[in-house]
>>> print(open('target.csv').read())   # CSV, C-alpha atoms
chain,number,residue,atom,x,y,z
A,1,MET,CA,0.0,0.0,0.0
A,2,TYR,CA,1.4,3.4,-1.0
A,3,ARG,CA,1.7,6.0,1.7
A,4,VAL,CA,0.4,9.5,0.9
A,5,VAL,CA,1.0,12.9,2.5
A,6,ILE,CA,-1.2,15.9,1.7
A,7,VAL,CA,0.4,19.4,2.0
A,8,GLU,CA,-2.3,22.1,1.6
A,9,ASP,CA,-2.9,25.3,3.6
A,10,GLU,CA,-6.6,25.5,3.1
A,11,ASP,CA,-8.2,23.4,5.8
A,12,MET,CA,-11.4,22.4,3.9
A,13,ILE,CA,-9.6,21.5,0.7
A,14,ARG,CA,-7.0,19.5,2.6
A,15,ARG,CA,-9.7,17.6,4.6
A,16,ARG,CA,-11.7,16.8,1.5
A,17,LEU,CA,-8.5,15.4,-0.2
A,18,VAL,CA,-7.8,13.3,2.9
A,19,TYR,CA,-11.3,12.0,3.5
A,20,ALA,CA,-13.4,12.3,0.3
A,21,ILE,CA,-11.0,10.6,-2.1
A,22,PRO,CA,-11.3,6.7,-2.3
A,23,TRP,CA,-7.7,6.1,-1.6
A,24,ALA,CA,-8.1,2.4,-0.8
A,25,GLU,CA,-9.3,1.8,-4.3
A,26,MET,CA,-6.0,3.2,-5.5
A,27,ASP,CA,-4.0,1.0,-3.1
A,28,CYS,CA,-3.1,4.1,-1.1
A,29,CYS,CA,-3.5,5.4,2.4
A,30,VAL,CA,-3.1,9.0,3.7
A,31,VAL,CA,-0.6,8.9,6.6
A,32,GLY,CA,0.0,12.6,7.1
A,33,GLU,CA,-1.1,16.1,6.4
A,34,ALA,CA,0.5,19.5,6.7
A,35,ARG,CA,-0.5,23.2,6.3
A,36,ASN,CA,2.7,24.6,4.8
A,37,GLY,CA,6.0,23.5,3.3
A,38,LEU,CA,7.9,23.6,6.6
A,39,GLU,CA,5.4,21.3,8.2
A,40,GLY,CA,5.4,19.2,5.0
A,41,ILE,CA,9.1,18.5,5.3
A,42,GLU,CA,8.6,17.3,8.9
A,43,GLU,CA,5.7,15.1,7.9
A,44,ILE,CA,7.7,13.6,5.0
A,45,ARG,CA,10.7,13.0,7.2
A,46,ASP,CA,8.5,11.4,9.9
A,47,LYS,CA,6.1,9.4,7.7
A,48,GLN,CA,8.4,8.5,4.8
A,49,PRO,CA,5.6,8.6,2.2
A,50,ASP,CA,5.6,7.2,-1.3
A,51,ILE,CA,3.5,10.0,-2.8
A,52,VAL,CA,3.2,13.7,-1.8
A,53,PHE,CA,0.4,16.0,-2.9
A,54,VAL,CA,1.5,19.6,-2.4
A,55,ASP,CA,-0.1,23.0,-3.1
A,56,ILE,CA,2.2,25.7,-4.5
A,57,ASN,CA,0.9,28.9,-2.8
A,58,MET,CA,1.3,28.4,1.0
A,59,PRO,CA,2.5,30.5,3.9
A,60,VAL,CA,5.8,30.0,5.8
A,61,MET,CA,7.2,28.0,2.9
A,62,ASP,CA,5.6,27.4,-0.5
A,63,GLY,CA,5.3,24.0,-2.2
A,64,LEU,CA,8.0,24.5,-4.7
A,65,GLN,CA,10.5,25.5,-2.0
A,66,MET,CA,9.6,22.4,0.0
A,67,LEU,CA,10.1,20.2,-3.1
A,68,GLU,CA,13.5,21.9,-3.8
A,69,ARG,CA,14.6,21.0,-0.3
A,70,THR,CA,13.4,17.4,-0.5
A,71,HIS,CA,14.3,16.8,-4.2
A,72,ASP,CA,16.6,13.9,-3.4
A,73,TRP,CA,14.2,12.2,-1.1
A,74,PRO,CA,12.5,9.0,-2.5
A,75,PHE,CA,8.9,10.0,-3.0
A,76,SER,CA,6.9,11.0,-6.0
A,77,ALA,CA,5.4,14.5,-6.0
A,78,ILE,CA,2.1,15.8,-7.4
A,79,ILE,CA,1.4,19.5,-7.6
A,80,LEU,CA,-2.0,20.9,-6.7
A,81,THR,CA,-2.5,24.5,-7.7
A,82,GLY,CA,-4.9,27.2,-9.0
A,83,TYR,CA,-2.1,28.6,-11.2
A,84,SER,CA,-1.2,27.6,-14.7
A,85,ASP,CA,1.9,29.9,-15.0
A,86,PHE,CA,4.6,28.4,-17.1
A,87,GLU,CA,7.3,29.4,-14.6
A,88,TYR,CA,5.6,27.3,-11.9
A,89,ALA,CA,5.4,24.4,-14.2
A,90,ARG,CA,9.1,24.7,-15.2
A,91,ARG,CA,10.2,24.8,-11.6
A,92,ALA,CA,7.9,21.8,-10.8
A,93,ILE,CA,9.6,19.8,-13.6
A,94,ASP,CA,13.0,20.7,-12.2
A,95,CYS,CA,11.9,19.3,-8.8
A,96,GLY,CA,10.9,16.0,-10.4
A,97,VAL,CA,7.1,16.5,-10.1
A,98,ARG,CA,5.2,13.7,-11.7
A,99,ALA,CA,1.9,15.5,-12.2
A,100,TYR,CA,0.7,19.1,-12.2
A,101,LEU,CA,-3.0,19.4,-11.4
A,102,LEU,CA,-5.1,22.6,-11.7
A,103,LYS,CA,-7.9,23.2,-9.2
A,104,PRO,CA,-10.7,22.3,-9.0
A,105,LEU,CA,-9.7,18.7,-9.2
A,106,SER,CA,-11.6,15.7,-10.5
A,107,ILE,CA,-11.4,12.2,-9.2
A,108,GLU,CA,-10.2,10.9,-12.6
A,109,GLU,CA,-7.4,13.4,-12.7
A,110,ILE,CA,-6.3,12.3,-9.2
A,111,ARG,CA,-6.5,8.6,-10.2
A,112,GLU,CA,-4.4,9.2,-13.3
A,113,ALA,CA,-1.8,11.3,-11.3
A,114,VAL,CA,-1.6,8.6,-8.6
A,115,SER,CA,-1.1,5.9,-11.3
A,116,THR,CA,1.8,7.9,-12.7
A,117,ALA,CA,3.3,8.5,-9.3
A,118,LYS,CA,3.1,4.8,-8.4
A,119,GLN,CA,5.0,3.9,-11.5
A,120,ASP,CA,7.6,6.4,-10.7
A,121,ARG,CA,7.8,5.2,-7.1
A,122,ARG,CA,8.3,1.6,-8.2
A,123,ALA,CA,11.1,2.7,-10.5
A,124,LYS,CA,12.8,4.7,-7.7
A,125,GLU,CA,12.5,1.7,-5.4
A,126,VAL,CA,14.3,-0.5,-7.9
A,127,TYR,CA,17.0,2.2,-8.3
A,128,TYR,CA,17.6,2.7,-4.6
A,129,SER,CA,17.5,-1.0,-4.0
A,130,SER,CA,20.2,-1.5,-6.6
A,131,LEU,CA,22.4,1.0,-4.8
A,132,LYS,CA,22.2,-1.2,-1.7
A,133,GLN,CA,22.7,-4.5,-3.5
A,134,ASP,CA,26.5,-4.8,-3.0
A,135,ASP,CA,26.3,-4.1,0.7
A,136,GLU,CA,23.4,-6.4,1.2
A,137,LEU,CA,25.1,-9.2,-0.7
A,138,MET,CA,27.9,-8.9,1.8
A,139,ASN,CA,25.4,-9.4,4.6
A,140,ALA,CA,23.0,-11.7,2.8
A,141,SER,CA,19.8,-12.6,4.6
A,142,PRO,CA,16.7,-14.6,3.5
A,143,LEU,CA,14.7,-11.3,3.3
A,144,ARG,CA,16.3,-8.1,2.3
A,145,GLU,CA,15.4,-5.0,4.3
A,146,TYR,CA,13.6,-3.2,1.5
A,147,GLU,CA,11.4,-6.2,0.5
A,148,LYS,CA,8.0,-7.0,2.0
A,149,ASN,CA,7.0,-10.4,3.3
A,150,PRO,CA,4.3,-11.4,0.7
A,151,VAL,CA,2.3,-13.4,3.2
A,152,GLU,CA,2.2,-10.6,5.8
A,153,ALA,CA,1.5,-8.0,3.1
A,154,ALA,CA,-1.5,-10.1,1.9
A,155,ILE,CA,-2.8,-10.2,5.5
A,156,VAL,CA,-3.0,-6.4,5.6
A,157,ARG,CA,-4.8,-6.3,2.3
A,158,ASP,CA,-7.2,-8.8,3.5
A,159,MET,CA,-7.8,-6.7,6.7
A,160,ILE,CA,-8.6,-3.7,4.4
A,161,THR,CA,-11.0,-5.9,2.4
A,162,TYR,CA,-12.7,-6.9,5.6
A,163,ILE,CA,-13.2,-3.3,6.5
A,164,GLN,CA,-14.7,-2.6,3.1
A,165,GLU,CA,-17.1,-5.4,3.4
A,166,HIS,CA,-18.1,-5.0,7.0
A,167,TYR,CA,-17.7,-1.3,7.8
A,168,ALA,CA,-21.5,-0.9,8.3
A,169,GLU,CA,-21.3,-3.4,11.1
A,170,LYS,CA,-19.7,-3.3,14.6
A,171,ILE,CA,-16.1,-4.3,14.1
A,172,LEU,CA,-13.8,-5.3,17.0
A,173,MET,CA,-10.2,-6.4,16.6
A,174,GLN,CA,-11.2,-9.7,18.2
A,175,ASP,CA,-13.4,-10.3,15.2
A,176,LEU,CA,-10.3,-10.2,13.0
A,177,VAL,CA,-8.4,-12.3,15.4
A,178,LYS,CA,-11.0,-15.1,15.0
A,179,PHE,CA,-11.3,-14.5,11.3
A,180,PHE,CA,-7.6,-14.5,10.4
A,181,HIS,CA,-6.3,-16.8,13.2
A,182,TYR,CA,-3.5,-14.4,14.2
A,183,SER,CA,-2.9,-12.6,17.5
A,184,GLU,CA,-4.2,-9.1,18.1
A,185,THR,CA,-0.7,-7.8,18.6
A,186,PHE,CA,0.5,-9.3,15.3
A,187,LEU,CA,-2.4,-7.9,13.3
A,188,ASN,CA,-2.1,-4.4,14.8
A,189,ARG,CA,1.6,-4.3,14.3
A,190,ARG,CA,1.5,-5.4,10.7
A,191,PHE,CA,-1.3,-3.0,9.9
A,192,LYS,CA,0.5,0.0,11.4
A,193,GLU,CA,3.7,-0.9,9.6
A,194,ALA,CA,2.0,-1.3,6.2
A,195,THR,CA,-0.3,1.7,6.3
A,196,GLY,CA,1.3,4.1,8.8
A,197,ILE,CA,-1.8,4.4,10.9
A,198,THR,CA,-3.6,2.1,13.3
A,199,PHE,CA,-6.4,-0.2,12.4
A,200,ASN,CA,-9.0,1.8,14.3
A,201,GLU,CA,-7.9,5.0,12.7
A,202,TYR,CA,-8.2,3.5,9.3
A,203,LEU,CA,-11.6,2.1,10.1
A,204,ASN,CA,-12.9,5.5,11.2
A,205,ARG,CA,-11.5,7.2,8.2
A,206,PHE,CA,-13.1,4.7,5.8
A,207,ARG,CA,-16.4,5.1,7.6
A,208,ILE,CA,-16.3,8.9,7.3
A,209,GLN,CA,-15.3,8.5,3.6
A,210,GLN,CA,-18.5,6.4,3.1
A,211,SER,CA,-20.6,9.0,4.9
A,212,LEU,CA,-19.3,11.7,2.5
A,213,ALA,CA,-20.3,9.6,-0.5
A,214,LEU,CA,-23.8,9.2,1.0
A,215,ILE,CA,-24.1,12.9,1.7
A,216,ARG,CA,-23.1,13.7,-1.9
A,217,GLN,CA,-26.0,11.3,-3.0
A,218,GLY,CA,-28.4,13.4,-1.0
A,219,GLU,CA,-28.6,11.6,2.4
A,220,ASN,CA,-28.8,14.3,5.2
A,221,ARG,CA,-30.1,12.5,8.2
A,222,PRO,CA,-27.4,12.0,10.8
A,223,GLY,CA,-29.1,8.9,12.3
A,224,THR,CA,-29.2,7.2,8.9
A,225,LEU,CA,-25.7,8.2,8.1
A,226,ALA,CA,-24.5,6.8,11.4
A,227,MET,CA,-26.3,3.5,11.0
A,228,ARG,CA,-25.2,2.9,7.4
A,229,CYS,CA,-21.6,3.7,8.2
A,230,GLY,CA,-21.2,1.6,11.3
A,231,PHE,CA,-21.4,4.3,14.0
A,232,GLY,CA,-23.8,3.0,16.6
A,233,ASP,CA,-24.8,6.4,17.9
A,234,TYR,CA,-25.5,9.5,15.7
A,235,LYS,CA,-24.0,11.8,18.3
A,236,TYR,CA,-20.7,9.9,18.2
A,237,PHE,CA,-20.9,9.9,14.4
A,238,GLY,CA,-21.3,13.7,14.6
A,239,SER,CA,-18.2,14.1,16.8
A,240,VAL,CA,-16.1,11.9,14.7
A,241,PHE,CA,-17.3,13.6,11.5
A,242,HIS,CA,-16.3,17.0,13.0
A,243,LYS,CA,-12.9,15.7,14.1
A,244,TYR,CA,-12.0,14.7,10.6
A,245,MET,CA,-13.8,17.3,8.5
A,246,GLY,CA,-13.6,20.3,10.8
A,247,CYS,CA,-17.3,21.0,10.4
A,248,SER,CA,-20.7,19.5,11.1
A,249,VAL,CA,-22.6,17.4,8.6
A,250,LYS,CA,-25.0,20.3,8.0
A,251,ASP,CA,-22.2,22.7,7.3
A,252,TYR,CA,-20.6,20.2,4.9
A,253,GLN,CA,-23.9,19.9,3.1
A,254,LYS,CA,-24.0,23.6,2.7
A,255,LEU,CA,-20.5,23.6,1.3
A,256,LEU,CA,-21.4,21.1,-1.3
A,257,GLU,CA,-24.5,23.1,-2.3
A,258,ARG,CA,-22.4,26.2,-2.6
A,259,ASP,CA,-19.8,24.4,-4.8
A,260,LYS,CA,-22.7,23.1,-6.9
A,261,ASN,CA,-24.2,26.5,-7.4
A,262,SER,CA,-20.8,28.0,-8.1
A,263,ALA,CA,-20.1,25.4,-10.8
A,264,GLN,CA,-23.5,26.0,-12.4
A,265,ASN,CA,-23.1,29.8,-12.4
A,266,GLY,CA,-19.4,29.7,-13.4
>>> encode(input="target.csv", output="structure tokens")
Amino acid sequence: MYRVVIVEDEDMIRRRLVYAIPWAEMDCCVVGEARNGLEGIEEIRDKQPDIVFVDINMPVMDGLQMLERTHDWPFSAIILTGYSDFEYARRAIDCGVRAYLLKPLSIEEIREAVSTAKQDRRAKEVYYSSLKQDDELMNASPLREYEKNPVEAAIVRDMITYIQEHYAEKILMQDLVKFFHYSETFLNRRFKEATGITFNEYLNRFRIQQSLALIRQGENRPGTLAMRCGFGDYKYFGSVFHKYMGCSVKDYQKLLERDKNSAQNG
């Protein structure tokens, strides 16, 4: 699973990128977010992502300055911007950016950019692995450090599939222990290592993502949203929704309506 970091100064845009995009369908997981380039560098250093989405125009340090400082780090960058200026594009290319997306973004544009970034990331992994080859041959082991255990990687993918199929139900880690016949400690550790976040965090994010899809389809009843997305209590759903989106369900619906009207009048 590819780790993604989002660097965007506008809170609502950043939250929508983190929670409204079907990352799991693209074999991705958002492991970090930042509000400016300086915070972005810290997130990249800490989370070691495979793909970084970054806005250009940000306070403290802009996106291109951030990329210039991290140019030699092994991740693939995707620019998000409202500017089509050639100079920005030229500097982005110099920084090794794999895609240059103009706002407002579409899901298909993001999917295409992610596909390109993943190909680039795989190529970089081969390159960096080849640099290590001589040293690793001197200290040969059954499993090289940069390789994943295919069985354990499959378990994490199966855990994600379990979430996708059962998110509307009550899910406890003990359910997965019984289903997969592994210890809770093992499953939690492997999931965190593979995705960068805990199982419960991923589950909550996925449920909020499903609630956003239902809201876009016209569902506006908190009780129904809570029930259909696996939250037993609508008040708890409301608090989790506000934690991730920074606003209430009602305010998010108003935002969607405003965006719709702007698109129609634009």
>>> closest_residue(input="target.csv", among="A:Ala34, A:Val4, A:Leu80, A:Ala20", to="Glu109 in chain A", atoms="all atoms listed in the file")
A:Leu80
>>> residues_around(input="target.csv", residues="Arg190 in chain A", least_positions_apart="2", cutoff="9 Å", atoms="only C-alpha atoms", output="tab-separated table (two decimals) with C-alpha atoms, in the coordinates of the input")
chain	number	residue	atom	x	y	z
A	152	GLU	CA	2.20	-10.60	5.80
A	153	ALA	CA	1.50	-8.00	3.10
A	155	ILE	CA	-2.80	-10.20	5.50
A	156	VAL	CA	-3.00	-6.40	5.60
A	185	THR	CA	-0.70	-7.80	18.60
A	186	PHE	CA	0.50	-9.30	15.30
A	187	LEU	CA	-2.40	-7.90	13.30
A	188	ASN	CA	-2.10	-4.40	14.80
A	192	LYS	CA	0.50	0.00	11.40
A	193	GLU	CA	3.70	-0.90	9.60
A	194	ALA	CA	2.00	-1.30	6.20
A	195	THR	CA	-0.30	1.70	6.30
>>> residues_around(input="target.csv", residues="Ala77 in chain A", least_positions_apart="2", cutoff="10 Å", atoms="only C-alpha atoms", output="PyMOL selection string")
chain A and resi 4-5+50-54+67+71+74-75+79-80+92+95-100+113-114+117+120-121
>>> closest_residue(input="target.csv", among="A:Met159, A:Glu68, A:Leu225, A:Arg189", to="Asp175 in chain A", atoms="only C-alpha atoms")
A:Met159
>>> closest_residue(input="target.csv", among="A:Leu212, A:Ile107, A:Ala154, A:Met245", to="Phe180 in chain A", atoms="all atoms listed in the file")
A:Ala154
>>> atom_distance(input="target.csv", atom1="CA of Leu17 in chain A", atom2="CA of Arg69 in chain A")
23.8 Å
>>> atom_distance(input="target.csv", atom1="CA of Asp27 in chain A", atom2="CA of Leu105 in chain A")
19.6 Å
>>> atom_distance(input="target.csv", atom1="CA of Lys170 in chain A", atom2="CA of Gly232 in chain A")
7.8 Å
